Amino acid sequence: NADLCCRLAWYNYDDLDLHLKTPTDEIYYSNKTVGGGCLDVDMNAGGGRTREAVENIFYKSRNAMQDGLYVLYVHNFCRRETVDVGFEVEIDYLGEVRRYAYVKAVPDKGTANVARWRYSHKNGLEIQEELPRTQAVKTIWNLPTQTFHQVSALMLSPNYWDDQREI
């Protein structure tokens, strides 16, 4: 329950870090609270590791946000794997959710920009640059994405039938 939530999720043991540059400072693992903004979840740092990692930066109230330019990006503090690379980010501002996917590996010690926006108390949050959004509906196997579909059975690919696995 916050006016602005920036959520990061990834699916390997890398130590990705969510950063938010504010008009006067930066919120990240070494500077978790700036003004009214806070990083409240920091995963896969040090010894703690999970393949379902998340991080979250939020402003409980937009009134605590300063007018000016904000930049949201992901930093790969420590690359540990070469599988299941990339990440997903959500920016939720007053209930309007923007979703992004980055499908490439973020290089070790490298960064990937997610979005840049200008905030003002008068106009709110105005996105200026962003990764391509992932809310577009596509049709795959004659089914539209971004919707739930009832399933009656799951099975392995025909490549696995009769113990005749093909690669």
# chains A, B, ... in the order shown; residues from 1 in each chain; ligands from 1
>>> select_by_dssp(residues="chain A", states="strand (DSSP E or B)", output="VMD selection string")
chain A and resid 4 to 10 15 to 21 26 to 28 31 33 to 34 37 to 41 53 to 59 68 to 78 87 to 93 96 to 102 111 to 120 124 to 130 133 139 to 140 143 to 144
>>> residues_around(residues="region 112-128 of chain A", least_positions_apart="5", cutoff="12 Å", atoms="only C-alpha atoms", output="PyMOL selection string")
chain A and resi 3-4+6-8+16-23+61-77+86-94+96+98-107+133
>>> atom_distance(atom1="CA of Gly110 (chain A)", atom2="CA of Gly36 (chain A)")
27.4 Å
>>> atom_distance(atom1="CA of Pro132 (chain A)", atom2="CA of Val97 (chain A)")
13.7 Å
>>> residues_around(residues="Ser30 (chain A)", least_positions_apart="2", cutoff="12 Å", atoms="only C-alpha atoms", output="list in words")
Asp17, Leu18, His19, Asp25, Glu26, Ile27, Tyr28, Lys32, Thr33, Val34, Cys38, Leu39, Asp40, Asp42 and Ala45 of chain A
>>> select_by_dssp(residues="chain A", states="helix (DSSP H, G or I)", output="ChimeraX atom specification")
/A:62-64,158-163
>>> atom_distance(atom1="CA of Asp14 (chain A)", atom2="CA of Glu130 (chain A)")
23.0 Å
